Amino acid sequence: MVHQISSGLRQPEIAVILFTLSYFSGISLGYYFSDRISFAKHEKFFPLFLLFQMFLFSFVQSASRFVYDYFTLLANARTGAIVSYLIIFIVLFIGGTSIYAVFLPAFIENNQNDLRKFYSIEIFGSIIGLLLIVPLIQISFLALIILYLICYITILWFLQIKKSYLFFAASISLIYVLCYGKIDKVTGEYFYRSKYGSDYIKSIIDTKHTPYQRIDVADIGGGEKMLALNGRRQFAWGSHFNYSYFIAEYPSTLFENPKVCVLGCGSMSTVGRINNKAKSFTIVDIDKEVFTISMKYFQKYNHLSELGNWTFREDDAKHFVANTDEHFDLILHDIPPGKSRQTALTYTKEFFALAKTKLKGQGLFSISSLTPLKSNSNYGKRMIATLLSVFGNCFAIQYKNDVFFYGCSDTFKLPDLEVLRRLIVHPSSKNCEILTKKNLEDRVRGSEIITTGNVGDLIFE
Amino acid sequence: MNNSLQLNKSLAFLAGVYFAFLQFAYYFMLEAFLTSRSISFFIALLFWLIGFLIGLNIKKNGLLITLLFAGTITYYCGFFLNQLFLYNKNLLFIISIFIIVSGISPGYFFSKGGGSFAKIKDLFFHENNGFILGILISLPAILFYGSLFLKIGPAVGFILFMMAYYFYSMGTPKEENI
């Protein structure tokens, strides 16, 4: 649900805070009303509220997208976002956990205050639930939903509600499970069409839910596809042509047969771009599903089935870089923008310093600023300032609004600027500007360096 | 309003703040310095709950302060080990044990604290409200002052609780102390 809401709200960290707060606030609400709701006198309350709660569970995930869109269009973006955050908070606060929190204090007080027994049973249930979630999410997101609904129906049954209510809830649950794929596809298509235009998005052809994100593949016509992670476009042919050229192909020209490490796989178009030049590829991604999806739908760009010189490592980039014994000629940072804690931790001074230690004596670290340096956003400036604090030996290329940064190992002997410029073989090479370390320092002067301690400055920039 | 009851509410509230600080500090420590893989979150939560279950079922009285202290100390042991051996997966086993120890104190707190309240729901309600405040502080603190929070967050929570506990103890007959 957090992933669904975070893609709806476009801001993963806000979604996490919102969800966590509403989850625990709902519990407080339930505790508060636990002795005000009598099991005997409110026979209708529990069934009706639980049915309302199922409605919220079934639809709030998709509805978050509509709510956000509606209010950001109705008011200005900031006000609309705040209103939509508030609405989702209130809905989850009232309809999420509150009803279940009523039970524990009520059970304890109705049974000689035996807190130890009833709280132990609840905690034991939580442990079992947690142990089930891990294998179930490996199977599918739908399996998790089915488990949730089975628990829900079981609770209704234990509450001894009228059989007609129980039958109704079971029927709706069954219909929801059977139609889940269709509902998700329809709301997903609405979401992407409202974001990228209805002419652009033809249909959603695949969706996967993982513990890290929601992965969507959209048909954008002409045989082309778009990869989106948590509702954000990660790859689509067009703009990526320039991106993969500067991030991968250009720096590879400084080597004969580089040993390459790609951090964050996405569509792996960067791999496809230099497949005929590299000696080997080590592709690292925390989420194996992204790799699997890319193998299935983006072969045209990554050519991995034709190559035999690659290995995939399912690992967190930080953990991989810190623990690998290998050293690389070229490390490509192809991780999505630092808009969540998880990804932002790979845009820190600590991470860049770690990556530098895995470069060979003549090694190079390649990364894009992702946003222009001349803009209201400090995102790109902070990132480049952080990179400059680690890589004393570096240069960059500015192409239109993007800056591609190349941080070298200290012993790397860089060619002079004219040679670096001549190596740019791109249709718009005349529009490219080579930036020296001094040029970069001048442009990002005064910008804050990002560390593990202040990733929020990058996330909310 | 009865003064000792007032303090009881405050104590439950501050305990909630402290537990949130400790729990979220563990999550972020694992995420930032061990691995961001989802398994680290599940492990932290799972072992916290196991510790909680153990704490709920300890019958001996008068252990709260010892357990809170042990929970805080084990967090810092984990933190320093993590700083010494960055991203070392072998630490996950040791830190899991530390998390169990830290998780015992909230379980014990609930198990022994219920008798201090006229209604059991008050203990849950005030502790949970403190937990919400702890979330409101710790999640933004992790984002904007992550390193500082990991260093001082659980200690600050512990000290605040101890101060409240000290004042509570001063005005309460000894046998009523939890």
# chains A, B, ... in the order shown; residues from 1 in each chain; ligands from 1
>>> residues_around(residues="region 149-154 of chain B", least_positions_apart="4", cutoff="9 Å", atoms="only C-alpha atoms", output="PyMOL selection string")
(chain A and resi 453) or (chain B and resi 18-23+25-26+28-29+72+75-76+79+138+141-142+145+158-159)
>>> residues_around(residues="region 112-126 of chain B", least_positions_apart="6", cutoff="10 Å", atoms="only C-alpha atoms", output="number ranges by chain")
A: 25, 27-35, 101-102, 104-106, 108-109, 113-116; B: 4-5, 8-16, 55-64, 106, 132, 176-178
>>> interface_residues(of="chain B", to="chain A", cutoff="8 Å", atoms="only C-alpha atoms", output="PDB file with N, CA and C atoms, in the first residue's frame")
ATOM      1  N   GLU B  31      19.849   0.328   7.453  1.00  0.00           N
ATOM      2  CA  GLU B  31      19.690   0.783   6.075  1.00  0.00           C
ATOM      3  C   GLU B  31      20.920   1.542   5.579  1.00  0.00           C
ATOM      4  N   ALA B  32      21.447   2.394   6.414  1.00  0.00           N
ATOM      5  CA  ALA B  32      22.554   3.257   5.974  1.00  0.00           C
ATOM      6  C   ALA B  32      23.902   2.565   6.041  1.00  0.00           C
ATOM      7  N   LEU B  34      24.515  -1.024   6.796  1.00  0.00           N
ATOM      8  CA  LEU B  34      24.651  -2.468   6.598  1.00  0.00           C
ATOM      9  C   LEU B  34      24.128  -2.845   5.216  1.00  0.00           C
ATOM     10  N   THR B  35      22.847  -2.763   5.039  1.00  0.00           N
ATOM     11  CA  THR B  35      22.286  -2.983   3.703  1.00  0.00           C
ATOM     12  C   THR B  35      20.896  -2.373   3.626  1.00  0.00           C
ATOM     13  N   SER B  36      20.560  -1.836   2.469  1.00  0.00           N
ATOM     14  CA  SER B  36      19.218  -1.260   2.271  1.00  0.00           C
ATOM     15  C   SER B  36      18.231  -2.319   1.824  1.00  0.00           C
ATOM     16  N   ARG B  37      18.676  -3.573   1.708  1.00  0.00           N
ATOM     17  CA  ARG B  37      17.765  -4.614   1.242  1.00  0.00           C
ATOM     18  C   ARG B  37      16.614  -4.762   2.236  1.00  0.00           C
ATOM     19  N   SER B  38      15.456  -5.142   1.707  1.00  0.00           N
ATOM     20  CA  SER B  38      14.253  -5.165   2.538  1.00  0.00           C
ATOM     21  C   SER B  38      14.399  -6.121   3.720  1.00  0.00           C
ATOM     22  N   PHE B  42      12.827  -6.197   7.713  1.00  0.00           N
ATOM     23  CA  PHE B  42      12.051  -7.318   8.264  1.00  0.00           C
ATOM     24  C   PHE B  42      12.769  -7.933   9.470  1.00  0.00           C
ATOM     25  N   LEU B  46      11.220  -8.100  13.061  1.00  0.00           N
ATOM     26  CA  LEU B  46      10.982  -9.450  13.581  1.00  0.00           C
ATOM     27  C   LEU B  46      11.663  -9.648  14.939  1.00  0.00           C
ATOM     28  N   LEU B  49      10.091  -7.652  17.730  1.00  0.00           N
ATOM     29  CA  LEU B  49       8.865  -8.291  18.224  1.00  0.00           C
ATOM     30  C   LEU B  49       9.179  -9.507  19.093  1.00  0.00           C
ATOM     31  N   ILE B  50      10.221 -10.257  18.722  1.00  0.00           N
ATOM     32  CA  ILE B  50      10.613 -11.411  19.539  1.00  0.00           C
ATOM     33  C   ILE B  50      11.051 -10.918  20.928  1.00  0.00           C
ATOM     34  N   PHE B  52      10.136  -8.176  22.305  1.00  0.00           N
ATOM     35  CA  PHE B  52       8.913  -7.672  22.931  1.00  0.00           C
ATOM     36  C   PHE B  52       8.151  -8.816  23.615  1.00  0.00           C
ATOM     37  N   LEU B  53       8.036  -9.924  22.889  1.00  0.00           N
ATOM     38  CA  LEU B  53       7.329 -11.092  23.410  1.00  0.00           C
ATOM     39  C   LEU B  53       8.023 -11.633  24.666  1.00  0.00           C
ATOM     40  N   LEU B  56       7.327  -9.239  27.543  1.00  0.00           N
ATOM     41  CA  LEU B  56       5.950  -9.362  28.047  1.00  0.00           C
ATOM     42  C   LEU B  56       5.827 -10.505  29.051  1.00  0.00           C
ATOM     43  N   ASN B  57       6.649 -11.516  28.869  1.00  0.00           N
ATOM     44  CA  ASN B  57       6.493 -12.728  29.676  1.00  0.00           C
ATOM     45  C   ASN B  57       7.516 -12.871  30.797  1.00  0.00           C
ATOM     46  N   LEU B  86      31.842  -1.478   8.452  1.00  0.00           N
ATOM     47  CA  LEU B  86      30.767  -0.981   7.582  1.00  0.00           C
ATOM     48  C   LEU B  86      30.320  -2.035   6.577  1.00  0.00           C
ATOM     49  N   TYR B  87      29.045  -2.169   6.412  1.00  0.00           N
ATOM     50  CA  TYR B  87      28.421  -3.040   5.396  1.00  0.00           C
ATOM     51  C   TYR B  87      28.838  -4.503   5.516  1.00  0.00           C
ATOM     52  N   ASN B  88      29.213  -4.919   6.709  1.00  0.00           N
ATOM     53  CA  ASN B  88      29.618  -6.309   6.923  1.00  0.00           C
ATOM     54  C   ASN B  88      28.381  -7.132   7.296  1.00  0.00           C
ATOM     55  N   PHE B 110       5.012  -2.804  29.152  1.00  0.00           N
ATOM     56  CA  PHE B 110       3.561  -3.041  29.062  1.00  0.00           C
ATOM     57  C   PHE B 110       3.113  -4.062  30.100  1.00  0.00           C
ATOM     58  N   SER B 111       3.921  -5.104  30.233  1.00  0.00           N
ATOM     59  CA  SER B 111       3.538  -6.175  31.141  1.00  0.00           C
ATOM     60  C   SER B 111       3.394  -5.671  32.580  1.00  0.00           C
ATOM     61  N   GLY B 114       0.660  -1.994  33.294  1.00  0.00           N
ATOM     62  CA  GLY B 114      -0.804  -2.000  33.238  1.00  0.00           C
ATOM     63  C   GLY B 114      -1.476  -1.665  34.550  1.00  0.00           C
ATOM     64  N   LYS B 119      -7.560   2.245  33.759  1.00  0.00           N
ATOM     65  CA  LYS B 119      -8.021   1.475  32.593  1.00  0.00           C
ATOM     66  C   LYS B 119      -6.795   1.106  31.772  1.00  0.00           C
ATOM     67  N   ILE B 120      -6.778  -0.123  31.323  1.00  0.00           N
ATOM     68  CA  ILE B 120      -5.609  -0.610  30.594  1.00  0.00           C
ATOM     69  C   ILE B 120      -5.410   0.169  29.292  1.00  0.00           C
ATOM     70  N   LYS B 121      -6.530   0.633  28.718  1.00  0.00           N
ATOM     71  CA  LYS B 121      -6.424   1.350  27.444  1.00  0.00           C
ATOM     72  C   LYS B 121      -5.598   2.634  27.590  1.00  0.00           C
ATOM     73  N   ASP B 122      -5.586   3.211  28.810  1.00  0.00           N
ATOM     74  CA  ASP B 122      -4.830   4.448  29.005  1.00  0.00           C
ATOM     75  C   ASP B 122      -3.337   4.224  28.803  1.00  0.00           C
ATOM     76  N   PHE B 124      -1.969   1.932  26.849  1.00  0.00           N
ATOM     77  CA  PHE B 124      -1.772   1.789  25.403  1.00  0.00           C
ATOM     78  C   PHE B 124      -1.881   3.144  24.710  1.00  0.00           C
ATOM     79  N   PHE B 125      -2.899   3.895  25.089  1.00  0.00           N
ATOM     80  CA  PHE B 125      -3.189   5.165  24.422  1.00  0.00           C
ATOM     81  C   PHE B 125      -2.034   6.164  24.596  1.00  0.00           C
ATOM     82  N   ASN B 128       1.225   4.965  22.949  1.00  0.00           N
ATOM     83  CA  ASN B 128       1.143   5.062  21.485  1.00  0.00           C
ATOM     84  C   ASN B 128       1.228   6.516  21.028  1.00  0.00           C
ATOM     85  N   ASN B 129       0.624   7.433  21.804  1.00  0.00           N
ATOM     86  CA  ASN B 129       0.739   8.854  21.450  1.00  0.00           C
ATOM     87  C   ASN B 129       2.196   9.311  21.518  1.00  0.00           C
ATOM     88  N   PHE B 131       4.691   7.349  21.013  1.00  0.00           N
ATOM     89  CA  PHE B 131       5.327   6.710  19.853  1.00  0.00           C
ATOM     90  C   PHE B 131       5.109   7.559  18.599  1.00  0.00           C
ATOM     91  N   ILE B 132       3.893   8.116  18.479  1.00  0.00           N
ATOM     92  CA  ILE B 132       3.593   8.975  17.315  1.00  0.00           C
ATOM     93  C   ILE B 132       4.495  10.214  17.330  1.00  0.00           C
ATOM     94  N   ILE B 135       7.827   9.229  16.193  1.00  0.00           N
ATOM     95  CA  ILE B 135       7.902   9.086  14.724  1.00  0.00           C
ATOM     96  C   ILE B 135       8.026  10.467  14.083  1.00  0.00           C
ATOM     97  N   LEU B 136       7.190  11.392  14.589  1.00  0.00           N
ATOM     98  CA  LEU B 136       7.194  12.749  14.024  1.00  0.00           C
ATOM     99  C   LEU B 136       8.569  13.403  14.153  1.00  0.00           C
ATOM    100  N   LEU B 139      11.576  10.465  12.059  1.00  0.00           N
ATOM    101  CA  LEU B 139      11.638  10.329  10.601  1.00  0.00           C
ATOM    102  C   LEU B 139      12.252  11.567   9.936  1.00  0.00           C
ATOM    103  N   PRO B 140      11.803  12.786  10.251  1.00  0.00           N
ATOM    104  CA  PRO B 140      12.498  13.945   9.679  1.00  0.00           C
ATOM    105  C   PRO B 140      13.954  14.050  10.166  1.00  0.00           C
ATOM    106  N   ILE B 142      15.996  11.653  10.819  1.00  0.00           N
ATOM    107  CA  ILE B 142      16.793  10.707  10.033  1.00  0.00           C
ATOM    108  C   ILE B 142      17.150  11.327   8.679  1.00  0.00           C
ATOM    109  N   LEU B 143      16.187  12.051   8.094  1.00  0.00           N
ATOM    110  CA  LEU B 143      16.420  12.619   6.766  1.00  0.00           C
ATOM    111  C   LEU B 143      17.365  13.808   6.804  1.00  0.00           C
ATOM    112  N   PHE B 144      17.224  14.651   7.820  1.00  0.00           N
ATOM    113  CA  PHE B 144      17.990  15.905   7.801  1.00  0.00           C
ATOM    114  C   PHE B 144      19.173  15.921   8.769  1.00  0.00           C
ATOM    115  N   TYR B 145      19.130  15.091   9.793  1.00  0.00           N
ATOM    116  CA  TYR B 145      20.245  15.023  10.754  1.00  0.00           C
ATOM    117  C   TYR B 145      20.525  13.557  11.078  1.00  0.00           C
ATOM    118  N   GLY B 146      20.611  12.731  10.034  1.00  0.00           N
ATOM    119  CA  GLY B 146      20.700  11.287  10.203  1.00  0.00           C
ATOM    120  C   GLY B 146      21.833  10.836  11.117  1.00  0.00           C
ATOM    121  N   SER B 147      23.053  11.355  10.859  1.00  0.00           N
ATOM    122  CA  SER B 147      24.209  10.899  11.649  1.00  0.00           C
ATOM    123  C   SER B 147      24.039  11.298  13.116  1.00  0.00           C
ATOM    124  N   LEU B 148      23.577  12.538  13.309  1.00  0.00           N
ATOM    125  CA  LEU B 148      23.398  13.030  14.677  1.00  0.00           C
ATOM    126  C   LEU B 148      22.327  12.208  15.400  1.00  0.00           C
TER     127      LEU B 148
END
>>> residues_around(residues="Phe241 (chain A)", least_positions_apart="6", cutoff="12 Å", atoms="only C-alpha atoms", output="ChimeraX atom specification")
/A:235,247-249,269-270,272-273,301,426-428
>>> closest_residue(among="B:Phe167, B:Phe47, B:Phe85, B:Phe80", to="Val101 (chain B)", atoms="only C-alpha atoms")
B:Phe47
>>> atom_distance(atom1="CA of Lys430 (chain A)", atom2="CA of Gly380 (chain A)")
22.7 Å
>>> closest_residue(among="B:Thr74, B:Thr66, B:Ser169, B:Ser40", to="Lys89 (chain B)", atoms="only C-alpha atoms")
B:Ser40
>>> select_by_dssp(residues="region 52-147 of chain B", states="alpha helix (DSSP H)", output="ChimeraX atom specification")
/B:52-56,64-84,91-113,120-147
>>> residues_around(residues="Ile94 (chain B)", least_positions_apart="6", cutoff="10 Å", atoms="only C-alpha atoms", output="count of residues only")
3
>>> residues_around(residues="Asp216 (chain A)", least_positions_apart="2", cutoff="12 Å", atoms="only C-alpha atoms", output="ChimeraX atom specification")
/A:4,7,184-185,188-189,191-192,201,203-210,213-214,218-219,225-235,266-267,289-290,293-294,297
>>> write_last_selection(atoms="C-alpha atoms", output="short mmCIF file (atom, residue, chain, number, x, y, z; two decimals), in the first residue's frame")
data_model
loop_
_atom_site.label_atom_id
_atom_site.label_comp_id
_atom_site.auth_asym_id
_atom_site.auth_seq_id
_atom_site.Cartn_x
_atom_site.Cartn_y
_atom_site.Cartn_z
CA GLN A 4 0.82 2.47 -4.29
CA SER A 7 3.50 6.50 -6.67
CA ASP A 184 -4.82 -2.14 -11.25
CA LYS A 185 -4.34 -1.91 -15.01
CA GLY A 188 -2.41 2.51 -13.69
CA GLU A 189 -3.23 3.60 -17.24
CA PHE A 191 -2.28 7.56 -13.76
CA TYR A 192 0.33 7.41 -16.52
CA ILE A 201 0.71 6.00 -23.08
CA SER A 203 -1.46 0.73 -22.40
CA ILE A 204 0.24 -0.85 -19.40
CA ILE A 205 1.60 -4.21 -20.50
CA ASP A 206 3.21 -5.45 -17.29
CA THR A 207 3.27 -4.55 -13.60
CA LYS A 208 5.30 -6.02 -10.77
CA HIS A 209 5.27 -5.23 -7.06
CA THR A 210 8.43 -5.86 -5.10
CA GLN A 213 8.94 -0.52 -5.66
CA ARG A 214 6.16 -0.86 -8.16
CA ALA A 218 3.95 0.83 -20.71
CA ASP A 219 3.44 0.50 -24.44
CA LYS A 225 8.11 0.74 -24.33
CA MET A 226 8.54 2.84 -21.22
CA LEU A 227 9.90 1.56 -17.90
CA ALA A 228 8.55 3.28 -14.76
CA LEU A 229 9.60 2.72 -11.16
CA ASN A 230 7.14 3.85 -8.48
CA GLY A 231 5.28 5.93 -11.04
CA ARG A 232 8.36 7.75 -12.34
CA ARG A 233 9.62 7.26 -15.89
CA GLN A 234 12.95 5.50 -15.67
CA PHE A 235 13.49 4.72 -19.33
CA GLY A 266 16.98 0.01 -15.08
CA SER A 267 16.57 -0.88 -18.75
CA GLU A 289 12.58 -7.91 -10.73
CA VAL A 290 13.84 -4.78 -12.50
CA ILE A 293 11.64 -7.05 -16.58
CA SER A 294 14.44 -5.41 -18.54
CA TYR A 297 11.10 -6.06 -22.55
#
>>> closest_residue(among="A:Ile161, A:Ile384, A:Leu254, A:Cys432", to="Tyr399 (chain A)", atoms="only C-alpha atoms")
A:Cys432
>>> select_by_dssp(residues="region 27-251 of chain A", states="strand (DSSP E)", output="VMD selection string")
chain A and resid 203 to 209 214 to 219 225 to 229 232 to 236
>>> write_last_selection(atoms="C-alpha atoms", output="JSON list (two decimals), in the first residue's frame")
[["chain", "number", "residue", "atom", "x", "y", "z"],
["A", 203, "SER", "CA", -1.46, 0.73, -22.40],
["A", 204, "ILE", "CA", 0.24, -0.85, -19.40],
["A", 205, "ILE", "CA", 1.60, -4.21, -20.50],
["A", 206, "ASP", "CA", 3.21, -5.45, -17.29],
["A", 207, "THR", "CA", 3.27, -4.55, -13.60],
["A", 208, "LYS", "CA", 5.30, -6.02, -10.77],
["A", 209, "HIS", "CA", 5.27, -5.23, -7.06],
["A", 214, "ARG", "CA", 6.16, -0.86, -8.16],
["A", 215, "ILE", "CA", 7.50, -1.58, -11.65],
["A", 216, "ASP", "CA", 5.38, -0.75, -14.71],
["A", 217, "VAL", "CA", 6.07, -1.30, -18.39],
["A", 218, "ALA", "CA", 3.95, 0.83, -20.71],
["A", 219, "ASP", "CA", 3.44, 0.50, -24.44],
["A", 225, "LYS", "CA", 8.11, 0.74, -24.33],
["A", 226, "MET", "CA", 8.54, 2.84, -21.22],
["A", 227, "LEU", "CA", 9.90, 1.56, -17.90],
["A", 228, "ALA", "CA", 8.55, 3.28, -14.76],
["A", 229, "LEU", "CA", 9.60, 2.72, -11.16],
["A", 232, "ARG", "CA", 8.36, 7.75, -12.34],
["A", 233, "ARG", "CA", 9.62, 7.26, -15.89],
["A", 234, "GLN", "CA", 12.95, 5.50, -15.67],
["A", 235, "PHE", "CA", 13.49, 4.72, -19.33],
["A", 236, "ALA", "CA", 11.89, 5.59, -22.64]]
>>> decode(residues="region 112-152 of chain A", atoms="C-alpha atoms", output="PDB file, in the first residue's frame")
ATOM      1  CA  GLN A 112      -9.450  -9.965  34.286  1.00  0.00           C
ATOM      2  CA  ASN A 113      -6.874  -7.555  32.900  1.00  0.00           C
ATOM      3  CA  ASP A 114      -4.738 -10.382  31.556  1.00  0.00           C
ATOM      4  CA  LEU A 115      -2.552  -8.093  29.460  1.00  0.00           C
ATOM      5  CA  ARG A 116       0.305 -10.552  29.215  1.00  0.00           C
ATOM      6  CA  LYS A 117      -1.805 -13.261  27.626  1.00  0.00           C
ATOM      7  CA  PHE A 118      -3.659 -11.155  25.068  1.00  0.00           C
ATOM      8  CA  TYR A 119      -0.753  -8.911  24.110  1.00  0.00           C
ATOM      9  CA  SER A 120       1.464 -11.991  23.721  1.00  0.00           C
ATOM     10  CA  ILE A 121      -1.117 -13.533  21.403  1.00  0.00           C
ATOM     11  CA  GLU A 122      -1.215 -10.343  19.347  1.00  0.00           C
ATOM     12  CA  ILE A 123       2.576 -10.071  19.140  1.00  0.00           C
ATOM     13  CA  PHE A 124       2.821 -13.739  18.235  1.00  0.00           C
ATOM     14  CA  GLY A 125       0.326 -13.090  15.436  1.00  0.00           C
ATOM     15  CA  SER A 126       2.451 -10.176  14.221  1.00  0.00           C
ATOM     16  CA  ILE A 127       5.520 -12.413  14.133  1.00  0.00           C
ATOM     17  CA  ILE A 128       3.673 -15.056  12.117  1.00  0.00           C
ATOM     18  CA  GLY A 129       2.364 -12.348   9.766  1.00  0.00           C
ATOM     19  CA  LEU A 130       5.849 -10.989   9.247  1.00  0.00           C
ATOM     20  CA  LEU A 131       7.238 -14.455   8.575  1.00  0.00           C
ATOM     21  CA  LEU A 132       4.526 -14.998   5.955  1.00  0.00           C
ATOM     22  CA  ILE A 133       4.995 -11.648   4.211  1.00  0.00           C
ATOM     23  CA  VAL A 134       8.578 -12.340   3.115  1.00  0.00           C
ATOM     24  CA  PRO A 135       7.882 -15.550   1.136  1.00  0.00           C
ATOM     25  CA  LEU A 136       4.471 -14.345  -0.097  1.00  0.00           C
ATOM     26  CA  ILE A 137       5.803 -11.166  -1.662  1.00  0.00           C
ATOM     27  CA  GLN A 138       8.300 -13.314  -3.540  1.00  0.00           C
ATOM     28  CA  ILE A 139       5.371 -15.188  -5.061  1.00  0.00           C
ATOM     29  CA  SER A 140       3.233 -12.176  -5.949  1.00  0.00           C
ATOM     30  CA  PHE A 141       1.612  -9.054  -4.560  1.00  0.00           C
ATOM     31  CA  LEU A 142      -1.773 -10.657  -5.164  1.00  0.00           C
ATOM     32  CA  ALA A 143      -0.816 -13.516  -2.820  1.00  0.00           C
ATOM     33  CA  LEU A 144      -0.287 -10.918  -0.100  1.00  0.00           C
ATOM     34  CA  ILE A 145      -3.673  -9.339  -0.804  1.00  0.00           C
ATOM     35  CA  ILE A 146      -5.326 -12.763  -0.668  1.00  0.00           C
ATOM     36  CA  LEU A 147      -3.706 -13.443   2.722  1.00  0.00           C
ATOM     37  CA  TYR A 148      -4.888 -10.055   3.983  1.00  0.00           C
ATOM     38  CA  LEU A 149      -8.449 -10.741   2.874  1.00  0.00           C
ATOM     39  CA  ILE A 150      -8.425 -14.238   4.409  1.00  0.00           C
ATOM     40  CA  CYS A 151      -7.352 -12.691   7.753  1.00  0.00           C
ATOM     41  CA  TYR A 152     -10.036 -10.055   7.337  1.00  0.00           C
TER      42      TYR A 152
END
